[in-house]
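Asks: Take a look at start_9.txt, compact mmCIF, C-alpha atoms:
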```
# COMPACT_ATOMS: atom_id res chain seq x y z
CA MET V 298 -67.52 19.08 -53.99
CA ASN V 299 -69.39 20.88 -56.69
CA GLU V 300 -69.59 24.52 -55.82
CA ARG V 301 -68.31 27.77 -57.15
CA PRO V 302 -67.07 30.04 -54.34
CA VAL V 303 -67.46 33.61 -55.58
CA ARG V 304 -65.21 36.53 -54.70
CA ASP V 305 -65.19 40.14 -55.94
CA PHE V 306 -61.61 39.69 -57.20
CA ASP V 307 -60.07 42.19 -59.64
CA PHE V 308 -56.39 42.56 -60.52
CA HIS V 309 -56.28 45.84 -62.41
CA GLY V 310 -56.29 49.56 -61.59
CA ALA V 311 -57.18 50.63 -58.05
CA ALA V 312 -57.59 46.97 -56.98
CA LEU V 313 -53.79 46.80 -57.05
CA ASP V 314 -53.55 49.27 -54.15
CA THR V 315 -54.55 46.58 -51.65
CA ILE V 316 -54.03 43.46 -53.72
CA PHE V 317 -51.46 41.83 -51.43
CA ASP V 318 -54.05 41.76 -48.61
CA THR V 319 -56.59 40.43 -51.11
CA TYR V 320 -54.24 37.63 -52.14
CA LYS V 321 -53.62 36.68 -48.51
CA GLU V 322 -57.34 36.46 -47.84
CA LEU V 323 -57.87 34.38 -50.98
CA ARG V 324 -55.05 31.97 -50.18
CA GLU V 325 -56.44 31.47 -46.67
CA ASN V 326 -60.13 31.21 -47.47
CA CYS V 327 -60.70 30.80 -51.19
CA PRO V 328 -57.56 29.62 -53.03
CA VAL V 329 -59.62 28.67 -56.08
CA GLY V 330 -62.71 30.73 -56.81
CA TRP V 331 -64.85 32.59 -59.29
CA SER V 332 -64.97 36.32 -60.04
CA ASP V 333 -67.64 38.00 -62.19
CA HIS V 334 -65.26 40.67 -63.53
CA TYR V 335 -64.34 40.78 -67.23
CA GLY V 336 -66.97 38.28 -68.34
CA GLY V 337 -66.27 35.92 -65.44
CA PHE V 338 -63.22 33.86 -64.59
CA TRP V 339 -61.83 31.31 -62.20
CA PHE V 340 -58.76 32.38 -60.27
CA LEU V 341 -55.95 30.26 -58.85
CA ALA V 342 -54.17 31.90 -55.90
CA LYS V 343 -51.80 29.14 -54.68
CA ASN V 344 -48.22 28.78 -55.90
CA GLU V 345 -48.52 25.05 -56.58
CA ASP V 346 -51.83 25.29 -58.48
CA ILE V 347 -50.44 28.09 -60.67
CA PHE V 348 -47.25 26.13 -61.39
CA ASN V 349 -49.21 23.02 -62.36
CA ALA V 350 -51.59 24.95 -64.62
CA GLU V 351 -48.66 26.68 -66.35
CA GLN V 352 -47.04 23.30 -67.07
CA ASP V 353 -50.29 21.73 -68.33
CA TRP V 354 -50.67 23.74 -71.55
CA ALA V 355 -52.93 21.10 -73.11
CA THR V 356 -55.61 21.67 -70.43
CA PHE V 357 -54.99 25.38 -69.92
CA SER V 358 -54.84 26.90 -73.40
CA VAL V 359 -53.71 30.46 -74.10
CA ALA V 360 -56.41 30.87 -76.76
CA PRO V 361 -58.09 33.22 -77.43
CA SER V 362 -55.71 35.35 -75.33
CA MET V 363 -53.46 35.29 -72.29
CA LEU V 364 -54.64 38.81 -71.53
CA LEU V 365 -57.83 39.59 -69.62
CA PRO V 366 -59.27 41.97 -70.59
CA ALA V 367 -57.86 42.11 -74.12
CA PHE V 368 -54.86 44.26 -75.04
CA GLY V 369 -56.64 46.45 -77.59
CA THR V 370 -57.03 43.71 -80.21
CA ASP V 371 -58.97 40.54 -80.94
CA GLU V 372 -56.11 39.15 -83.01
CA PRO V 373 -54.03 36.46 -81.29
CA MET V 374 -50.70 37.95 -80.22
CA ILE V 375 -47.73 35.84 -81.28
CA PRO V 376 -46.40 33.79 -79.57
CA ILE V 377 -48.19 34.28 -76.24
CA ASP V 378 -51.70 33.54 -77.50
CA ILE V 379 -50.62 30.49 -79.53
CA ASP V 380 -50.61 26.86 -78.32
CA PRO V 381 -48.22 24.13 -79.49
CA PRO V 382 -47.19 22.88 -81.95
CA VAL V 383 -46.67 26.10 -83.96
CA HIS V 384 -45.83 28.06 -80.78
CA SER V 385 -42.31 26.64 -80.62
CA ALA V 386 -41.41 27.69 -84.18
CA TYR V 387 -42.49 31.25 -83.42
CA ARG V 388 -40.40 31.38 -80.25
CA LYS V 389 -37.30 29.94 -81.85
CA LEU V 390 -37.28 32.86 -84.29
CA LEU V 391 -36.33 35.34 -81.60
CA LEU V 392 -34.89 33.24 -78.74
CA PRO V 393 -31.30 33.69 -80.03
CA LEU V 394 -31.63 37.45 -79.52
CA PHE V 395 -32.30 37.01 -75.79
CA THR V 396 -29.64 34.52 -74.66
CA PRO V 397 -27.15 35.49 -71.93
CA ARG V 398 -24.53 36.25 -74.59
CA ALA V 399 -26.89 38.44 -76.61
CA VAL V 400 -27.89 40.29 -73.45
CA ASP V 401 -24.20 40.75 -72.50
CA ASP V 402 -23.55 42.28 -75.93
CA LEU V 403 -26.36 44.78 -75.42
CA THR V 404 -25.40 45.68 -71.85
CA PRO V 405 -22.88 48.49 -72.57
CA PHE V 406 -25.63 50.33 -74.46
CA VAL V 407 -28.09 49.77 -71.58
CA GLU V 408 -25.47 51.11 -69.14
CA GLN V 409 -24.70 54.20 -71.21
CA THR V 410 -28.41 54.97 -71.66
CA ALA V 411 -29.01 54.56 -67.91
CA ARG V 412 -26.09 56.87 -67.09
CA ASP V 413 -27.31 59.57 -69.46
CA LEU V 414 -30.82 59.43 -68.03
CA ALA V 415 -29.55 59.34 -64.43
CA ASP V 416 -27.40 62.42 -65.01
CA GLU V 417 -30.41 64.21 -66.46
CA VAL V 418 -32.83 63.44 -63.56
CA GLY V 419 -30.04 64.16 -61.09
CA LYS V 420 -29.81 67.81 -62.15
CA SER V 421 -32.61 68.86 -59.80
CA ASP V 422 -33.01 68.16 -56.09
CA ILE V 423 -36.53 66.85 -56.59
CA ALA V 424 -37.20 64.68 -59.62
CA ASP V 425 -39.73 62.30 -61.09
CA ILE V 426 -37.60 59.21 -61.63
CA GLY V 427 -40.66 57.28 -62.84
CA LEU V 428 -41.21 59.43 -65.91
CA GLY V 429 -37.61 60.61 -66.25
CA TYR V 430 -35.78 57.32 -65.71
CA ALA V 431 -37.81 54.11 -65.29
CA ARG V 432 -39.95 54.72 -68.33
CA PRO V 433 -37.60 55.99 -71.04
CA LEU V 434 -34.82 53.44 -70.39
CA PRO V 435 -36.64 50.32 -71.65
CA SER V 436 -38.27 52.28 -74.47
CA ILE V 437 -34.91 53.46 -75.80
CA ILE V 438 -33.37 49.98 -75.51
CA PHE V 439 -36.37 48.45 -77.19
CA CYS V 440 -36.28 50.88 -80.11
CA THR V 441 -32.78 49.75 -80.86
CA LEU V 442 -33.51 46.06 -80.50
CA VAL V 443 -36.66 46.03 -82.61
CA GLY V 444 -35.52 48.61 -85.12
CA TYR V 445 -38.01 51.38 -84.35
CA PRO V 446 -36.76 54.86 -85.23
CA GLN V 447 -34.89 56.12 -82.11
CA GLU V 448 -36.64 59.46 -82.15
CA ASP V 449 -40.07 57.81 -81.86
CA TRP V 450 -39.73 56.31 -78.38
CA TYR V 451 -41.62 59.11 -76.64
CA LEU V 452 -44.72 58.33 -78.73
CA PHE V 453 -45.02 54.88 -77.23
CA ASP V 454 -45.91 55.77 -73.63
CA GLU V 455 -49.23 57.30 -74.59
CA TRP V 456 -50.20 54.28 -76.70
CA VAL V 457 -49.21 51.90 -73.90
CA ASP V 458 -51.23 53.89 -71.36
CA ARG V 459 -54.35 53.67 -73.51
CA ILE V 460 -53.93 50.02 -74.54
CA ILE V 461 -52.87 48.53 -71.22
CA TYR V 462 -53.76 50.84 -68.37
CA GLY V 463 -57.09 52.03 -69.79
CA ARG V 464 -58.45 48.69 -70.96
CA ASP V 465 -60.32 47.76 -67.76
CA VAL V 466 -62.36 50.99 -67.84
CA ASN V 467 -62.37 51.93 -71.53
CA PRO V 468 -62.00 48.98 -73.91
CA ALA V 469 -63.05 51.04 -76.96
CA GLU V 470 -60.22 53.50 -76.41
CA SER V 471 -57.82 50.62 -75.86
CA GLU V 472 -58.84 49.11 -79.19
CA LYS V 473 -58.47 52.46 -80.96
CA ALA V 474 -54.95 52.84 -79.63
CA GLY V 475 -54.25 49.22 -80.58
CA ASN V 476 -55.23 50.01 -84.17
CA GLU V 477 -52.99 53.09 -84.21
CA VAL V 478 -50.06 50.98 -83.07
CA ARG V 479 -50.77 48.31 -85.68
CA GLU V 480 -50.81 50.99 -88.39
CA TYR V 481 -47.53 52.41 -87.10
CA LEU V 482 -45.92 48.97 -87.00
CA TRP V 483 -47.18 48.05 -90.44
CA ALA V 484 -45.79 51.24 -91.99
CA LEU V 485 -42.46 50.35 -90.41
CA VAL V 486 -42.53 46.82 -91.85
CA GLU V 487 -43.32 48.15 -95.33
CA LYS V 488 -40.50 50.66 -95.04
CA ARG V 489 -38.02 48.04 -93.87
CA ARG V 490 -38.88 45.81 -96.80
CA GLN V 491 -37.56 48.51 -99.12
CA GLU V 492 -34.31 48.90 -97.17
CA PRO V 493 -31.18 46.73 -97.06
CA PRO V 494 -31.56 43.81 -94.57
CA LYS V 495 -30.58 44.40 -90.93
CA ASP V 496 -30.25 41.82 -88.16
CA ASP V 497 -32.62 43.26 -85.57
CA ILE V 498 -36.01 41.91 -84.46
CA THR V 499 -37.94 43.46 -87.34
CA GLY V 500 -35.31 42.22 -89.78
CA ARG V 501 -35.70 38.67 -88.46
CA LEU V 502 -39.49 38.85 -88.52
CA ILE V 503 -39.86 40.00 -92.12
CA THR V 504 -37.52 37.29 -93.44
CA ALA V 505 -38.76 34.52 -91.14
CA VAL V 506 -39.59 30.99 -92.20
CA ILE V 507 -42.16 29.14 -90.05
CA ASP V 508 -42.13 25.35 -90.36
CA GLY V 509 -40.73 25.60 -93.87
CA ARG V 510 -43.01 28.35 -95.23
CA PRO V 511 -42.55 32.12 -95.32
CA ILE V 512 -44.17 34.05 -92.47
CA THR V 513 -47.41 35.83 -93.46
CA ASP V 514 -48.03 39.59 -93.18
CA GLU V 515 -50.64 38.93 -90.51
CA GLU V 516 -48.18 36.89 -88.45
CA ILE V 517 -45.51 39.59 -88.70
CA LEU V 518 -47.98 42.18 -87.44
CA ASN V 519 -49.31 39.98 -84.61
CA TYR V 520 -45.76 39.25 -83.47
CA ALA V 521 -44.61 42.87 -83.72
CA TYR V 522 -47.69 44.00 -81.80
CA LEU V 523 -47.01 41.54 -79.00
CA LEU V 524 -43.43 42.78 -78.66
CA PHE V 525 -44.68 46.34 -78.49
CA VAL V 526 -47.16 45.70 -75.68
CA ALA V 527 -44.97 43.20 -73.80
CA GLY V 528 -41.59 44.86 -73.91
CA LEU V 529 -42.16 48.46 -72.93
CA ASP V 530 -44.16 49.00 -69.77
CA THR V 531 -43.30 45.75 -67.98
CA THR V 532 -39.63 46.66 -67.61
CA ALA V 533 -40.51 50.26 -66.80
CA TRP V 534 -42.81 49.02 -64.01
CA ALA V 535 -40.12 46.70 -62.64
CA ILE V 536 -37.55 49.50 -62.57
CA ARG V 537 -40.02 51.91 -61.02
CA SER V 538 -41.27 49.47 -58.36
CA SER V 539 -37.67 48.64 -57.39
CA LEU V 540 -36.86 52.32 -56.97
CA TRP V 541 -40.23 52.90 -55.25
CA TYR V 542 -39.17 50.39 -52.60
CA LEU V 543 -35.65 51.83 -52.22
CA ALA V 544 -37.02 55.37 -51.91
CA ARG V 545 -39.04 54.20 -48.91
CA ASN V 546 -36.45 51.94 -47.32
CA PRO V 547 -33.24 53.93 -46.78
CA GLU V 548 -31.50 51.10 -44.93
CA ASP V 549 -31.80 48.71 -47.84
CA GLN V 550 -30.84 51.50 -50.24
CA GLU V 551 -27.72 52.16 -48.17
CA ARG V 552 -26.94 48.45 -48.06
CA LEU V 553 -27.07 48.20 -51.86
CA ARG V 554 -24.85 51.29 -52.14
CA ARG V 555 -22.31 49.66 -49.83
CA ASP V 556 -22.57 46.26 -51.45
CA PRO V 557 -23.62 46.49 -55.13
CA GLU V 558 -23.08 42.72 -55.46
CA LEU V 559 -26.44 42.37 -53.72
CA ILE V 560 -28.33 44.28 -56.43
CA SER V 561 -28.95 41.16 -58.46
CA SER V 562 -30.67 39.25 -55.64
CA ALA V 563 -32.47 42.43 -54.54
CA VAL V 564 -33.93 42.84 -58.03
CA GLU V 565 -35.05 39.21 -57.97
CA GLU V 566 -36.87 39.94 -54.72
CA PHE V 567 -38.51 43.09 -56.14
CA LEU V 568 -39.63 41.03 -59.12
CA ARG V 569 -41.16 38.44 -56.82
CA THR V 570 -43.02 40.90 -54.61
CA LEU V 571 -43.78 43.92 -56.84
CA SER V 572 -44.00 42.33 -60.27
CA PRO V 573 -45.52 44.11 -63.27
CA VAL V 574 -47.36 40.96 -64.31
CA GLN V 575 -49.72 40.14 -61.46
CA ALA V 576 -51.79 37.63 -63.42
CA MET V 577 -52.28 35.99 -66.81
CA ALA V 578 -55.30 34.14 -68.19
CA ARG V 579 -55.92 30.73 -69.73
CA THR V 580 -58.97 28.90 -71.07
CA ALA V 581 -59.85 25.36 -69.96
CA THR V 582 -59.90 22.97 -72.94
CA LYS V 583 -61.86 20.36 -70.92
CA ASP V 584 -63.61 19.98 -67.59
CA VAL V 585 -61.01 19.89 -64.84
CA GLU V 586 -61.05 20.06 -61.04
CA VAL V 587 -58.59 22.30 -59.19
CA GLY V 588 -58.67 22.55 -55.41
CA GLY V 589 -62.07 20.85 -55.37
CA CYS V 590 -63.58 23.40 -57.76
CA PRO V 591 -65.30 22.32 -60.98
CA ILE V 592 -63.73 24.26 -63.86
CA LYS V 593 -65.74 23.68 -67.05
CA GLN V 594 -64.47 23.44 -70.61
CA GLY V 595 -64.36 26.99 -72.06
CA ASP V 596 -64.10 28.73 -68.67
CA ARG V 597 -61.47 31.45 -68.38
CA VAL V 598 -58.86 30.81 -65.66
CA VAL V 599 -56.71 33.56 -64.19
CA LEU V 600 -53.36 32.51 -62.75
CA ALA V 601 -52.67 35.04 -60.00
CA PHE V 602 -48.86 35.06 -60.22
CA GLY V 603 -48.64 37.88 -57.68
CA SER V 604 -50.43 35.72 -55.12
CA GLY V 605 -48.37 32.64 -55.91
CA ASN V 606 -45.28 34.81 -55.40
CA ARG V 607 -46.36 35.52 -51.82
CA ASP V 608 -47.60 32.06 -50.90
CA GLU V 609 -46.72 31.07 -47.31
CA GLU V 610 -46.23 27.49 -48.47
CA ALA V 611 -43.56 28.51 -50.96
CA TYR V 612 -41.58 31.20 -49.10
CA ALA V 613 -40.55 32.04 -45.55
CA ASN V 614 -41.99 35.46 -44.56
CA PRO V 615 -43.48 35.87 -48.04
CA ASP V 616 -44.72 39.46 -47.60
CA GLU V 617 -41.35 40.64 -46.35
CA ILE V 618 -38.90 42.05 -48.92
CA VAL V 619 -35.57 40.37 -48.12
CA ILE V 620 -32.97 41.71 -50.53
CA ASP V 621 -30.57 38.83 -50.02
CA ARG V 622 -33.17 36.05 -50.16
CA GLU V 623 -31.32 32.93 -51.28
CA GLN V 624 -34.20 30.75 -52.44
CA ASN V 625 -36.35 32.66 -54.89
CA ARG V 626 -38.27 30.78 -57.55
CA HIS V 627 -41.11 33.02 -58.66
CA PHE V 628 -43.62 33.73 -61.42
CA ALA V 629 -42.61 37.26 -62.43
CA PHE V 630 -41.82 35.96 -65.93
CA GLY V 631 -44.22 33.03 -65.81
CA VAL V 632 -43.11 29.40 -66.07
CA GLY V 633 -43.66 26.67 -68.62
CA ILE V 634 -43.63 27.02 -72.37
CA HIS V 635 -44.74 30.67 -72.34
CA ARG V 636 -41.94 31.90 -70.07
CA CYS V 637 -41.30 35.56 -70.94
CA LEU V 638 -39.12 35.58 -74.04
CA GLY V 639 -37.33 38.73 -72.90
CA SER V 640 -36.85 37.76 -69.24
CA ASN V 641 -33.05 37.85 -69.38
CA LEU V 642 -32.98 41.25 -70.99
CA GLY V 643 -35.66 42.52 -68.61
CA ARG V 644 -33.69 41.38 -65.57
CA ARG V 645 -30.50 42.92 -66.90
CA GLU V 646 -32.19 46.26 -67.55
CA VAL V 647 -33.61 46.43 -64.03
CA ILE V 648 -30.26 45.50 -62.47
CA VAL V 649 -28.38 48.08 -64.57
CA ALA V 650 -31.04 50.73 -63.88
CA VAL V 651 -30.77 50.28 -60.11
CA ARG V 652 -26.96 50.03 -60.14
CA GLU V 653 -26.36 53.12 -62.27
CA LEU V 654 -28.83 55.29 -60.38
CA LEU V 655 -27.28 54.33 -57.03
CA ASP V 656 -23.80 54.76 -58.43
CA ARG V 657 -24.30 58.20 -59.96
CA LEU V 658 -26.78 59.93 -57.69
CA PRO V 659 -26.92 60.67 -53.95
CA PRO V 660 -29.33 58.87 -51.58
CA PHE V 661 -32.95 59.57 -52.47
CA GLU V 662 -36.21 59.45 -50.53
CA ALA V 663 -39.88 59.42 -51.46
CA VAL V 664 -41.56 62.82 -51.52
CA ASN V 665 -45.13 61.81 -52.27
CA LEU V 666 -46.13 58.89 -50.09
CA ASP V 667 -49.43 58.54 -51.98
CA GLU V 668 -47.70 57.30 -55.12
CA PRO V 669 -48.66 53.63 -55.42
CA TRP V 670 -46.26 50.68 -55.68
CA HIS V 671 -47.77 49.65 -59.00
CA GLY V 672 -47.94 51.08 -62.50
CA VAL V 673 -45.66 53.26 -64.59
CA GLY V 674 -46.71 56.65 -63.24
CA PRO V 675 -44.70 59.31 -61.40
CA LEU V 676 -42.18 58.44 -58.70
CA THR V 677 -41.16 61.67 -57.01
CA VAL V 678 -37.96 61.64 -54.98
CA ARG V 679 -35.69 64.12 -53.23
CA PHE V 680 -31.94 63.66 -53.56
CA LYS V 681 -30.19 64.23 -50.24
CA ARG V 682 -27.02 66.05 -51.23
CA GLU V 683 -24.27 66.73 -48.74
CA ALA V 684 -24.38 70.31 -47.46
CA MET X 1462 -22.47 13.92 -56.79
CA ARG X 1463 -23.84 14.43 -60.31
CA VAL X 1464 -26.09 17.05 -61.85
CA GLU X 1465 -28.28 17.01 -64.95
CA VAL X 1466 -30.79 19.29 -66.61
CA ASP X 1467 -34.14 17.81 -67.65
CA SER X 1468 -34.39 19.24 -71.16
CA SER X 1469 -38.13 18.55 -71.28
CA LYS X 1470 -38.56 20.99 -68.40
CA CYS X 1471 -35.92 23.69 -69.04
CA GLN X 1472 -37.52 26.82 -70.54
CA GLY X 1473 -34.42 28.96 -70.77
CA HIS X 1474 -34.76 31.15 -67.67
CA ASN X 1475 -30.93 30.94 -67.35
CA ARG X 1476 -30.99 31.20 -63.56
CA CYS X 1477 -28.55 28.27 -63.29
CA MET X 1478 -26.04 30.32 -65.31
CA ILE X 1479 -26.20 33.06 -62.69
CA PHE X 1480 -25.46 30.76 -59.76
CA ALA X 1481 -23.13 28.18 -61.31
CA PRO X 1482 -21.73 29.39 -64.65
CA ASP X 1483 -18.86 26.91 -64.40
CA VAL X 1484 -21.26 23.98 -64.24
CA PHE X 1485 -23.99 24.96 -66.70
CA GLU X 1486 -23.96 26.38 -70.20
CA VAL X 1487 -26.72 27.34 -72.65
CA ASP X 1488 -27.28 26.61 -76.32
CA ASP X 1489 -28.04 29.14 -79.08
CA TYR X 1490 -31.66 29.32 -77.96
CA GLY X 1491 -30.87 29.80 -74.27
CA PHE X 1492 -31.68 26.26 -73.08
CA ALA X 1493 -29.37 24.89 -70.40
CA THR X 1494 -27.13 21.87 -70.45
CA VAL X 1495 -24.47 20.62 -68.06
CA ARG X 1496 -20.83 21.12 -69.00
CA ALA X 1497 -18.62 18.01 -69.19
CA ASP X 1498 -19.94 14.81 -67.64
CA GLY X 1499 -22.10 16.25 -64.87
CA GLU X 1500 -19.79 15.30 -62.01
CA ILE X 1501 -19.92 18.25 -59.59
CA PRO X 1502 -16.50 19.42 -58.36
CA PRO X 1503 -16.57 19.80 -54.56
CA GLU X 1504 -16.07 23.57 -54.77
CA GLN X 1505 -19.17 23.88 -56.98
CA ILE X 1506 -21.60 21.98 -54.75
CA GLU X 1507 -22.92 25.09 -52.96
CA ALA X 1508 -23.39 26.90 -56.27
CA VAL X 1509 -25.28 23.99 -57.80
CA LYS X 1510 -27.55 23.78 -54.75
CA HIS X 1511 -28.41 27.46 -55.26
CA ALA X 1512 -29.17 26.78 -58.91
CA VAL X 1513 -31.47 23.89 -57.96
CA VAL X 1514 -33.63 25.88 -55.53
CA ASN X 1515 -33.82 28.87 -57.87
CA CYS X 1516 -34.75 27.02 -61.06
CA PRO X 1517 -38.30 28.19 -61.84
CA GLU X 1518 -39.09 24.95 -63.70
CA LEU X 1519 -37.60 22.46 -61.19
CA ALA X 1520 -35.52 21.20 -64.11
CA ILE X 1521 -32.21 20.56 -62.33
CA ILE X 1522 -31.65 17.14 -60.83
CA VAL X 1523 -28.83 16.29 -58.44
CA ARG X 1524 -28.01 12.62 -57.73
CA GLU X 1525 -25.82 11.28 -54.96
CA ASP X 1526 -23.67 8.53 -56.44
```
In structure tokens, how does this file's structure come out?
Replies:
Amino acid sequence: MNERPVRDFDFHGAALDTIFDTYKELRENCPVGWSDHYGGFWFLAKNEDIFNAEQDWATFSVAPSMLLPAFGTDEPMIPIDIDPPVHSAYRKLLLPLFTPRAVDDLTPFVEQTARDLADEVGKSDIADIGLGYARPLPSIIFCTLVGYPQEDWYLFDEWVDRIIYGRDVNPAESEKAGNEVREYLWALVEKRRQEPPKDDITGRLITAVIDGRPITDEEILNYAYLLFVAGLDTTAWAIRSSLWYLARNPEDQERLRRDPELISSAVEEFLRTLSPVQAMARTATKDVEVGGCPIKQGDRVVLAFGSGNRDEEAYANPDEIVIDREQNRHFAFGVGIHRCLGSNLGRREVIVAVRELLDRLPPFEAVNLDEPWHGVGPLTVRFKREA
Amino acid sequence: MRVEVDSSKCQGHNRCMIFAPDVFEVDDYGFATVRADGEIPPEQIEAVKHAVVNCPELAIIVRED
């Protein structure tokens, strides 16, 4: 077969409103196809095809970027836009900060931050737990981990909105915001170089040795930038989409209140079905055939994780959210060598966020049913207090 | 029944640690290995099976002796 089945497939902005229906249609009728959006790309919609492409990093390169469209910069973000062999040295720099033990050490601070924020949003009967809870929690944790000044966290949301959520409609604005962030990060690096050493992410970056040579200024900036755009809104989205679901499904909310042990598997299920990362891009390094389609060297290839996560061939009742699902391999953090570096911290933050909110505040329900499942926008709920 | 982790496949998701922390451990970079000699105690068999089906990389191998 030598054809290119074309679909009007987009995975950003308003397209997310109905994307689960789109995925289903693609998996049934066009599991590998071509879309003309963003300069044109192939998409893979089946779980198995996505898994195989993620493992085959030699054929599916992350250069020039895993992001489509770009995240406000043409510079390769480190390590996600870097192929082996140097990729592994970059990752090893920070992996020790995200092991289960490191995440355990950080957890009391995550819990205390979640409690403080929960108490604050719980003061009124109607509250926006998107803006007041889901969004600040990861930003505050991240400030501490990276070494950003604590009082700066509120600046970050606006940058993230322009870089990530505006890029499909306004790339110029996204790039402008990207430059502002790079300037901010660089000023921080310069400042830290004058200060006594500290063992946080920035401290490790500025003293790093890559394959026996000191890290360059450009590498520090491209790594710091990646952490900024990868670590803030993804976790906020995952917390918000978990709470979005619970605000609309009182029985499952009640079940988690009765049995908090289930929160961990429930969060895994929210990550599978409502994940912040619906797709990531690759570039074919040679001609390759997937599902009978002729992908040419240099073609962009979008791995539709969100579709793979709802593939009928991989899960029973894939579109159903089953909070105690026992078999749950999914692509929320990707697989293969580019697995999300912060996945263990991300998971922990979402679990703590759900647990603390349920523990401290009364049952809540959605007020505005138009608020979408996706994104990091408002999530308006009413707390049902006992009379 | 024995279990091993294929270190060429493990990417450090640490899911096995969630399901069977008495069977698996991780190194300083978060990559998993099997504790002791890999023989699965009978009371851990269920837990290991959960780890197998939840490993995102299909990196856990169980062999019947």
Asks: How close does each residue of chain X get to chain V, giving the shortest atom pair and distance in Å to one decimal for every residue with an atom at most 7 Å away, counting all atoms listed in the file, sorted by chain and residue number, as CSV?
Replies:
```
residue,atom,partner,partner_atom,distance
X:Gln1472,CA,V:Ile634,CA,6.4
X:Asp1489,CA,V:Pro393,CA,5.7
X:Tyr1490,CA,V:Pro393,CA,4.8
X:Gly1491,CA,V:Thr396,CA,4.9
X:Val1514,CA,V:Gln624,CA,5.8
X:Asn1515,CA,V:Arg626,CA,4.9
X:Cys1516,CA,V:Arg626,CA,6.2
X:Pro1517,CA,V:Arg626,CA,5.0
X:Glu1518,CA,V:Val632,CA,6.4
```
Asks: Val649 (chain V): which residues within 12 Å, counting all atoms listed in the file, same-chain residues fewer than 3 positions away excluded, as a PDB file with C-alpha atoms, in the coordinates of the input?
Replies:
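Dumped to out-v8.pdb:
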```pdb
ATOM      1  CA  VAL V 400     -27.890  40.290 -73.450  1.00  0.00           C
ATOM      2  CA  ASP V 401     -24.200  40.750 -72.500  1.00  0.00           C
ATOM      3  CA  LEU V 403     -26.360  44.780 -75.420  1.00  0.00           C
ATOM      4  CA  THR V 404     -25.400  45.680 -71.850  1.00  0.00           C
ATOM      5  CA  PRO V 405     -22.880  48.490 -72.570  1.00  0.00           C
ATOM      6  CA  PHE V 406     -25.630  50.330 -74.460  1.00  0.00           C
ATOM      7  CA  VAL V 407     -28.090  49.770 -71.580  1.00  0.00           C
ATOM      8  CA  GLU V 408     -25.470  51.110 -69.140  1.00  0.00           C
ATOM      9  CA  GLN V 409     -24.700  54.200 -71.210  1.00  0.00           C
ATOM     10  CA  THR V 410     -28.410  54.970 -71.660  1.00  0.00           C
ATOM     11  CA  ALA V 411     -29.010  54.560 -67.910  1.00  0.00           C
ATOM     12  CA  ARG V 412     -26.090  56.870 -67.090  1.00  0.00           C
ATOM     13  CA  ALA V 415     -29.550  59.340 -64.430  1.00  0.00           C
ATOM     14  CA  TYR V 430     -35.780  57.320 -65.710  1.00  0.00           C
ATOM     15  CA  ALA V 431     -37.810  54.110 -65.290  1.00  0.00           C
ATOM     16  CA  LEU V 434     -34.820  53.440 -70.390  1.00  0.00           C
ATOM     17  CA  PRO V 435     -36.640  50.320 -71.650  1.00  0.00           C
ATOM     18  CA  THR V 532     -39.630  46.660 -67.610  1.00  0.00           C
ATOM     19  CA  ALA V 535     -40.120  46.700 -62.640  1.00  0.00           C
ATOM     20  CA  ILE V 536     -37.550  49.500 -62.570  1.00  0.00           C
ATOM     21  CA  SER V 539     -37.670  48.640 -57.390  1.00  0.00           C
ATOM     22  CA  PRO V 557     -23.620  46.490 -55.130  1.00  0.00           C
ATOM     23  CA  GLU V 558     -23.080  42.720 -55.460  1.00  0.00           C
ATOM     24  CA  ILE V 560     -28.330  44.280 -56.430  1.00  0.00           C
ATOM     25  CA  SER V 561     -28.950  41.160 -58.460  1.00  0.00           C
ATOM     26  CA  VAL V 564     -33.930  42.840 -58.030  1.00  0.00           C
ATOM     27  CA  LEU V 642     -32.980  41.250 -70.990  1.00  0.00           C
ATOM     28  CA  GLY V 643     -35.660  42.520 -68.610  1.00  0.00           C
ATOM     29  CA  ARG V 644     -33.690  41.380 -65.570  1.00  0.00           C
ATOM     30  CA  ARG V 645     -30.500  42.920 -66.900  1.00  0.00           C
ATOM     31  CA  GLU V 646     -32.190  46.260 -67.550  1.00  0.00           C
ATOM     32  CA  ARG V 652     -26.960  50.030 -60.140  1.00  0.00           C
ATOM     33  CA  GLU V 653     -26.360  53.120 -62.270  1.00  0.00           C
ATOM     34  CA  LEU V 654     -28.830  55.290 -60.380  1.00  0.00           C
ATOM     35  CA  LEU V 655     -27.280  54.330 -57.030  1.00  0.00           C
ATOM     36  CA  ASP V 656     -23.800  54.760 -58.430  1.00  0.00           C
ATOM     37  CA  ARG V 657     -24.300  58.200 -59.960  1.00  0.00           C
TER      38      ARG V 657
END
```
Asks: Could you tell me how far CA of Ala544 (chain V) sits from CA of Leu658 (chain V), in Å to one decimal place?
Replies: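 Calculated distance between CA of Leu658 (chain V) and CA of Ala544 (chain V) is 12.6 Å.
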Asks: How far is it from CA of Trp670 (chain V) to CA of Gly427 (chain V), in Å with one decimal?
Replies: 11.2 Å
Asks: What does the distance from CA of Ser471 (chain V) to CA of Gly369 (chain V) come to in Å, to one decimal?
Replies: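 Between CA of Ser471 (chain V) and CA of Gly369 (chain V) the gap is 4.7 Å.
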Asks: With all atoms listed in the file as the counted atoms, please give the residues lying no more than 9 Å from Phe567 (chain V), apart from itself and same-chain residues fewer than 3 positions off, as a list in words.
Replies: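 Answer for this query is Ala535, Ser538, Ser539, Tyr542, Ser562, Ala563, Val564, Thr570, Leu571, Ser572, Ile618, Val619 and Ile620 of chain V.
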